[in-house]
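Asks: I have a structure I would like to understand better, so I am pasting it below and will then ask my questions one at a time.
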Amino acid sequence: MNISGATPTTYTIAATTLTDNVAKFRCAVTNAFGTATSNEATVTVQPLPPALATEDTSDSAVALNSVTLMRSVSLN
């Protein structure tokens, strides 16, 4: 599917999520001589590392990680 407005010499995704992982892209360039299509590129999205919370007056820290909550559906 074509990406509307993706006609400049570069294309940047403003923000990605983990659901964008393994998305596939190709570039098709068209001019008066025809069309050339690039090889497929695969997007790899890595989860953010956990945040480390510390206090200046302590030598202890707490690692905070994001959690994805999913609703459980009962089939009964």
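In the structure tokens, chains take the letters A, B, ... in the order shown, each chain's residues start at 1, and ligands count up from 1 in the order shown.
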When you look at segment 35-48 of chain A with a cut-off of 7 Å (counting only C-alpha atoms), what residues show up, excluding the ones that are within fewer than 3 positions of it in the same chain? I need them as a list in words.

Replies: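 The contact residues come out as Leu18, Asp20, Asn21, Val22, Ala23, Lys24, Phe25, Arg26, Cys27, Ala28, Val29, Thr30 and Asn31 of chain A.
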
Asks: Output C-alpha atoms for every residue in that selection, as an mmCIF file, in the first residue's frame.

Replies:
```
data_model
loop_
_atom_site.group_PDB
_atom_site.id
_atom_site.type_symbol
_atom_site.label_atom_id
_atom_site.label_comp_id
_atom_site.auth_asym_id
_atom_site.auth_seq_id
_atom_site.Cartn_x
_atom_site.Cartn_y
_atom_site.Cartn_z
ATOM 1 C CA LEU A 18 6.012 -2.801 19.283
ATOM 2 C CA ASP A 20 5.298 -2.119 14.075
ATOM 3 C CA ASN A 21 7.926 -4.821 14.636
ATOM 4 C CA VAL A 22 8.617 -6.832 11.452
ATOM 5 C CA ALA A 23 6.665 -4.381 9.263
ATOM 6 C CA LYS A 24 7.963 -4.546 5.699
ATOM 7 C CA PHE A 25 8.717 -1.586 3.404
ATOM 8 C CA ARG A 26 9.815 -1.141 -0.196
ATOM 9 C CA CYS A 27 10.656 1.998 -2.089
ATOM 10 C CA ALA A 28 9.312 2.534 -5.601
ATOM 11 C CA VAL A 29 10.823 5.397 -7.595
ATOM 12 C CA THR A 30 9.108 6.510 -10.779
ATOM 13 C CA ASN A 31 10.292 8.964 -13.424
#
```

Asks: For the structure I just gave you, how does DSSP split segment 14-50 of chain A - specifically, which residues are strand (DSSP E or B)? Reply as a PyMOL selection string.

Replies: chain A and resi 24-25+28-31+34-37+41-42

Asks: Could those residues be written to a file, using C-alpha atoms, as a CSV table (one decimal), in the first residue's frame?

Replies:
```
chain,number,residue,atom,x,y,z
A,24,LYS,CA,8.0,-4.5,5.7
A,25,PHE,CA,8.7,-1.6,3.4
A,28,ALA,CA,9.3,2.5,-5.6
A,29,VAL,CA,10.8,5.4,-7.6
A,30,THR,CA,9.1,6.5,-10.8
A,31,ASN,CA,10.3,9.0,-13.4
A,34,GLY,CA,10.1,3.9,-15.7
A,35,THR,CA,9.9,2.6,-12.2
A,36,ALA,CA,12.5,1.0,-10.0
A,37,THR,CA,11.6,-0.9,-6.8
A,41,ALA,CA,13.4,-3.8,4.3
A,42,THR,CA,12.1,-5.1,7.6
```
